[in-house]
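Engineer: Handing over query-v4.tsv, TSV, C-alpha atoms.
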```tsv
chain	number	residue	atom	x	y	z
A	1	MET	CA	-71.33	292.45	-9.42
A	2	LEU	CA	-70.20	292.27	-13.03
A	3	CYS	CA	-72.32	292.93	-16.13
A	4	ASP	CA	-71.60	293.21	-19.83
A	5	ILE	CA	-72.55	296.24	-21.91
A	6	LEU	CA	-72.65	295.53	-25.63
A	7	CYS	CA	-72.30	298.60	-27.79
A	8	CYS	CA	-72.55	298.71	-31.58
A	9	GLY	CA	-68.97	299.30	-32.74
A	10	PRO	CA	-66.77	296.77	-34.55
A	11	ARG	CA	-64.98	295.73	-31.34
A	12	ILE	CA	-68.20	293.99	-30.32
A	13	ASN	CA	-66.63	290.98	-32.05
A	14	LEU	CA	-64.45	290.53	-28.93
A	15	TYR	CA	-67.49	289.55	-26.91
A	16	SER	CA	-68.34	285.95	-26.26
A	17	PRO	CA	-71.50	285.32	-24.26
A	18	GLN	CA	-70.88	284.96	-20.55
A	19	ASN	CA	-73.09	284.06	-17.63
A	20	ASN	CA	-73.10	287.74	-16.60
A	21	LYS	CA	-76.18	289.91	-16.89
A	22	SER	CA	-75.95	291.88	-20.10
A	23	ILE	CA	-77.49	294.85	-21.86
A	24	SER	CA	-77.19	295.77	-25.52
A	25	CYS	CA	-77.38	299.23	-27.00
A	26	ASN	CA	-79.89	299.69	-29.80
A	27	ILE	CA	-80.17	296.61	-32.03
A	28	PRO	CA	-78.59	293.57	-30.35
A	29	ILE	CA	-76.11	291.29	-32.09
A	30	PHE	CA	-76.21	288.75	-29.27
A	31	ASP	CA	-78.93	287.51	-26.94
A	32	THR	CA	-78.79	289.77	-23.91
A	33	ASP	CA	-80.93	290.17	-20.81
A	34	TYR	CA	-81.88	293.74	-21.74
A	35	CYS	CA	-81.78	296.02	-24.74
A	36	PHE	CA	-81.85	299.78	-24.31
A	37	ALA	CA	-83.06	301.98	-27.16
A	38	ALA	CA	-83.43	305.74	-26.91
A	39	ASP	CA	-83.78	306.51	-30.60
A	40	ALA	CA	-87.32	306.56	-32.01
A	41	ARG	CA	-85.94	305.27	-35.32
A	42	VAL	CA	-84.63	302.13	-33.60
A	43	ILE	CA	-87.93	301.63	-31.76
A	44	SER	CA	-89.79	301.83	-35.07
A	45	ILE	CA	-87.46	299.16	-36.50
A	46	PHE	CA	-88.31	296.91	-33.55
A	47	ALA	CA	-92.03	297.57	-34.07
A	48	ASP	CA	-91.70	296.40	-37.67
A	49	ASN	CA	-89.51	293.43	-36.77
A	50	PRO	CA	-89.61	292.49	-33.05
A	51	LYS	CA	-87.44	289.42	-33.75
A	52	LEU	CA	-84.48	291.80	-33.95
A	53	LEU	CA	-84.73	292.07	-30.17
A	54	ARG	CA	-83.67	288.42	-30.03
A	55	ASN	CA	-84.50	287.38	-26.44
A	56	SER	CA	-83.78	290.75	-24.88
A	57	LYS	CA	-86.23	292.66	-22.69
A	58	LEU	CA	-86.62	296.15	-24.11
A	59	ILE	CA	-85.97	299.19	-21.94
A	60	VAL	CA	-87.04	302.57	-23.32
A	61	TYR	CA	-87.30	306.10	-22.04
A	62	ASN	CA	-90.79	307.38	-21.40
A	63	ASN	CA	-90.44	310.30	-23.80
A	64	VAL	CA	-89.58	307.92	-26.67
A	65	TYR	CA	-92.20	305.35	-25.68
A	66	PHE	CA	-95.06	307.83	-25.50
A	67	PHE	CA	-93.90	309.67	-28.59
A	68	ILE	CA	-94.32	306.58	-30.73
A	69	LYS	CA	-97.87	305.54	-29.80
A	70	GLU	CA	-98.43	303.88	-33.15
A	71	PHE	CA	-95.62	301.38	-32.46
A	72	ARG	CA	-96.55	300.44	-28.89
A	73	LYS	CA	-99.15	297.91	-29.96
A	74	ASN	CA	-96.50	295.68	-31.55
A	75	LEU	CA	-93.94	296.15	-28.78
A	76	ILE	CA	-95.96	295.77	-25.55
A	77	PRO	CA	-94.99	292.08	-25.12
A	78	TYR	CA	-91.30	292.95	-25.39
A	79	VAL	CA	-91.07	296.03	-23.17
A	80	SER	CA	-89.50	295.29	-19.80
A	81	SER	CA	-89.28	298.84	-18.46
A	82	VAL	CA	-90.27	302.35	-19.35
A	83	ILE	CA	-88.03	304.65	-17.35
A	84	SER	CA	-87.97	308.38	-16.84
A	85	SER	CA	-85.54	310.22	-19.02
A	86	THR	CA	-82.67	311.72	-17.06
A	87	LYS	CA	-80.82	312.94	-20.11
A	88	ASP	CA	-79.42	316.39	-19.50
A	89	PRO	CA	-79.37	318.43	-22.73
A	90	LYS	CA	-75.95	319.78	-21.73
A	91	THR	CA	-74.39	316.31	-21.85
A	92	ARG	CA	-73.60	314.19	-24.90
A	93	LYS	CA	-74.88	310.81	-23.73
A	94	ASN	CA	-75.40	308.00	-26.18
A	95	SER	CA	-77.12	304.65	-25.68
A	96	ALA	CA	-73.94	303.15	-24.17
A	97	HIS	CA	-73.78	305.81	-21.43
A	98	MET	CA	-77.47	305.35	-20.70
A	99	SER	CA	-77.14	301.54	-20.65
A	100	ALA	CA	-74.27	301.86	-18.17
A	101	GLU	CA	-76.40	304.09	-15.92
A	102	ILE	CA	-79.29	301.61	-16.08
A	103	MET	CA	-77.03	298.75	-14.97
A	104	ILE	CA	-75.44	300.88	-12.23
A	105	ARG	CA	-78.95	301.64	-10.92
A	106	LYS	CA	-79.60	297.89	-10.94
A	107	GLY	CA	-76.65	297.48	-8.53
A	108	PHE	CA	-73.80	296.42	-10.81
A	109	THR	CA	-70.37	297.61	-9.69
A	110	GLU	CA	-68.21	296.43	-12.60
A	111	LEU	CA	-69.00	297.03	-16.25
A	112	ASP	CA	-67.29	295.14	-19.08
A	113	ILE	CA	-67.92	297.37	-22.12
A	114	TYR	CA	-67.55	295.87	-25.60
A	115	GLY	CA	-67.89	297.65	-28.94
A	116	CYS	CA	-67.36	301.16	-27.61
A	117	ASP	CA	-64.85	301.96	-30.32
A	118	SER	CA	-65.00	305.72	-29.84
A	119	TRP	CA	-63.25	305.25	-26.46
A	120	PHE	CA	-60.11	304.05	-28.25
A	121	ASP	CA	-60.42	306.28	-31.31
A	122	PRO	CA	-62.66	309.33	-30.78
A	123	ASN	CA	-62.81	309.87	-34.54
A	124	ASN	CA	-64.34	306.44	-35.08
A	125	TYR	CA	-67.86	307.02	-33.80
A	126	TRP	CA	-69.86	306.49	-36.96
A	127	GLU	CA	-69.15	302.80	-37.62
A	128	SER	CA	-72.08	301.04	-35.96
A	129	HIS	CA	-73.94	297.75	-36.31
A	130	THR	CA	-77.22	299.65	-35.90
A	131	ASN	CA	-76.54	301.88	-38.90
A	132	GLN	CA	-77.15	299.01	-41.31
A	133	PHE	CA	-80.81	298.99	-40.22
A	134	LEU	CA	-81.40	302.73	-40.48
A	135	LYS	CA	-82.83	303.95	-43.76
A	136	GLU	CA	-81.53	307.44	-43.18
A	137	LYS	CA	-78.50	308.24	-41.13
A	138	LYS	CA	-78.35	311.22	-38.81
A	139	GLU	CA	-75.81	313.84	-39.67
A	140	THR	CA	-73.05	313.57	-37.14
A	141	GLU	CA	-71.20	316.43	-35.61
A	142	GLU	CA	-67.47	316.78	-35.71
A	143	GLY	CA	-65.98	315.98	-32.32
A	144	LEU	CA	-68.86	313.77	-31.22
A	145	GLY	CA	-66.52	310.93	-30.23
A	146	HIS	CA	-64.51	313.32	-28.05
A	147	SER	CA	-67.75	314.49	-26.39
A	148	TRP	CA	-68.72	310.88	-25.68
A	149	ASN	CA	-65.33	310.25	-24.08
A	150	GLU	CA	-65.76	313.31	-21.91
A	151	GLU	CA	-69.13	311.90	-20.84
A	152	TRP	CA	-67.48	308.58	-19.86
A	153	LYS	CA	-64.94	310.51	-17.78
A	154	ARG	CA	-67.78	312.45	-16.14
A	155	MET	CA	-69.53	309.18	-15.30
A	156	MET	CA	-66.34	307.72	-13.83
A	157	ALA	CA	-66.05	310.75	-11.56
A	158	LEU	CA	-69.74	310.52	-10.65
A	159	TYR	CA	-69.49	306.79	-9.84
A	160	PRO	CA	-66.02	306.36	-8.27
A	161	ASN	CA	-66.89	302.91	-6.87
A	162	ILE	CA	-67.80	301.52	-10.30
A	163	LYS	CA	-65.15	299.79	-12.38
A	164	PHE	CA	-65.44	300.61	-16.10
A	165	ASN	CA	-63.58	298.07	-18.31
A	166	PHE	CA	-63.44	299.06	-21.98
A	167	ARG	CA	-62.53	295.87	-23.85
A	168	SER	CA	-60.14	295.88	-26.80
A	169	GLU	CA	-57.58	293.52	-28.27
A	170	GLU	CA	-55.38	296.38	-29.48
A	171	HIS	CA	-55.36	298.88	-26.67
A	172	THR	CA	-54.71	299.07	-22.98
A	173	SER	CA	-57.29	301.32	-21.48
A	174	GLU	CA	-56.37	303.18	-18.33
A	175	LEU	CA	-59.44	303.97	-16.34
A	176	GLN	CA	-59.66	305.86	-13.10
A	177	SER	CA	-61.96	303.88	-10.89
A	178	HIS	CA	-62.11	304.13	-7.10
A	179	SER	CA	-58.60	305.57	-6.79
A	180	PHE	CA	-56.84	302.83	-8.72
A	181	ILE	CA	-56.08	302.24	-12.37
A	182	SER	CA	-57.84	299.36	-14.10
A	183	TYR	CA	-56.32	297.84	-17.22
A	184	ALA	CA	-58.42	296.00	-19.78
A	185	VAL	CA	-56.31	294.01	-22.24
A	186	PHE	CA	-57.04	291.08	-24.52
```
In structure tokens, how does this file's structure come out?
Structural biologist:
Amino acid sequence: MLCDILCCGPRINLYSPQNNKSISCNIPIFDTDYCFAADARVISIFADNPKLLRNSKLIVYNNVYFFIKEFRKNLIPYVSSVISSTKDPKTRKNSAHMSAEIMIRKGFTELDIYGCDSWFDPNNYWESHTNQFLKEKKETEEGLGHSWNEEWKRMMALYPNIKFNFRSEEHTSELQSHSFISYAVF
């Protein structure tokens, strides 16, 4: 089963809505079935302006959801799921990794990933659609994009039967997936 994961990087412009199930990371650009947000700052933006969710059902981690009690009142109609946080402090997961894990748990076996620009250029991890909504930007650590790529590789090893397709018009992405190489080219 194929699903689309819509990240926040500039390569999101390659996406055109499909009939696949889809999940967006943080603030959606397109209508998607689900939207995953792990950052309390993003949740507070949704609480102030729920229309930013478009038609997406919001999925949040319990630690974020319960942390922001004052925002729940405005978001209750939009929340689809509150799930237990499985984030290991030793890993460098971002909302794209967590969205992928959510869809894998829902039974999807092939992930088309758009807008994950750090996969193609690990130094380009700061350019994000979501950043335009944030009043204050988090300081980012050097090497964060490389850490995120290592996390994708860890996930590919953890889920060998899942096909990860990172979509780009400029790059061919070689991905180890179930003992064969998958190429994603536009």
Engineer: Measuring atom to atom with all atoms listed in the file, identify which of A:Ser128, A:Asn20, A:Thr109, A:Ser44 is nearest to Leu75 (chain A).
Structural biologist: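 Checking each of A:Ser128, A:Asn20, A:Thr109, A:Ser44 against Leu75 (chain A), counting all atoms listed in the file, the winner is A:Ser44.
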Engineer: Between CA of Ile162 (chain A) and CA of Arg54 (chain A), what is the distance in Å, rounded to a tenth?
Structural biologist: 28.5 Å
Engineer: Kindly extract all protein, DNA and RNA residues lying within 10 Å of the coordinates (-68.6, 295.7, -20.1) given in the file, considering only C-alpha atoms, and supply them as a PyMOL selection string.
Structural biologist: chain A and resi 2-7+15+20+22-23+100+110-116+163-167
Engineer: Using Å and a single decimal, report how far CA of Lys93 (chain A) sits from CA of Ala38 (chain A).
Structural biologist: 10.4 Å
Engineer: Using all atoms listed in the file, find the one residue out of A:Phe46, A:Phe36, A:Phe120, A:Tyr61 that sits nearest to Ala96 (chain A).
Structural biologist: A:Phe36
Engineer: With distances taken over only C-alpha atoms, which of A:Arg11, A:Arg41, A:Lys21, A:His129 is nearest to Phe108 (chain A)?
Structural biologist: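 Of A:Arg11, A:Arg41, A:Lys21, A:His129, the one nearest Phe108 (chain A), counting only C-alpha atoms, is A:Lys21.
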Engineer: Which value, in Å to one decimal, gives the distance between CA of Lys106 (chain A) and CA of His146 (chain A)?
Structural biologist: 27.5 Å
Engineer: May I have the residues within 7 Å of Leu53 (chain A) as JSON, numbers by chain, using all atoms listed in the file and disregarding those fewer than 3 positions away in the same chain?
Structural biologist: {"A": [27, 28, 46, 50, 56]}
Engineer: Output C-alpha atoms of each residue in that selection to a file, as a PDB file, in the frame of the given file.
Structural biologist:
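Produced file out12.pdb, reproduced below:
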```
ATOM      1  CA  ILE A  27     -80.170 296.610 -32.030  1.00  0.00           C
ATOM      2  CA  PRO A  28     -78.590 293.570 -30.350  1.00  0.00           C
ATOM      3  CA  PHE A  46     -88.310 296.910 -33.550  1.00  0.00           C
ATOM      4  CA  PRO A  50     -89.610 292.490 -33.050  1.00  0.00           C
ATOM      5  CA  SER A  56     -83.780 290.750 -24.880  1.00  0.00           C
TER       6      SER A  56
END
```
Engineer: Please determine, counting only C-alpha atoms, which residue among A:Met155, A:Val60, A:Val79, A:Leu52 has the shortest atom-to-atom distance to Asp39 (chain A).
Structural biologist: A:Val60
Engineer: From the list A:Ile59, A:Asn149, A:Asn26, A:Tyr159, which residue is nearest Ile104 (chain A) when using all atoms listed in the file?
Structural biologist: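 Selected residue with least distance to Ile104 (chain A): A:Tyr159.
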Engineer: Taking only C-alpha atoms into account, name the residue in A:Ser168, A:Ser99, A:Asn49, A:Asn161 that is nearest to Phe133 (chain A).
Structural biologist: A:Asn49
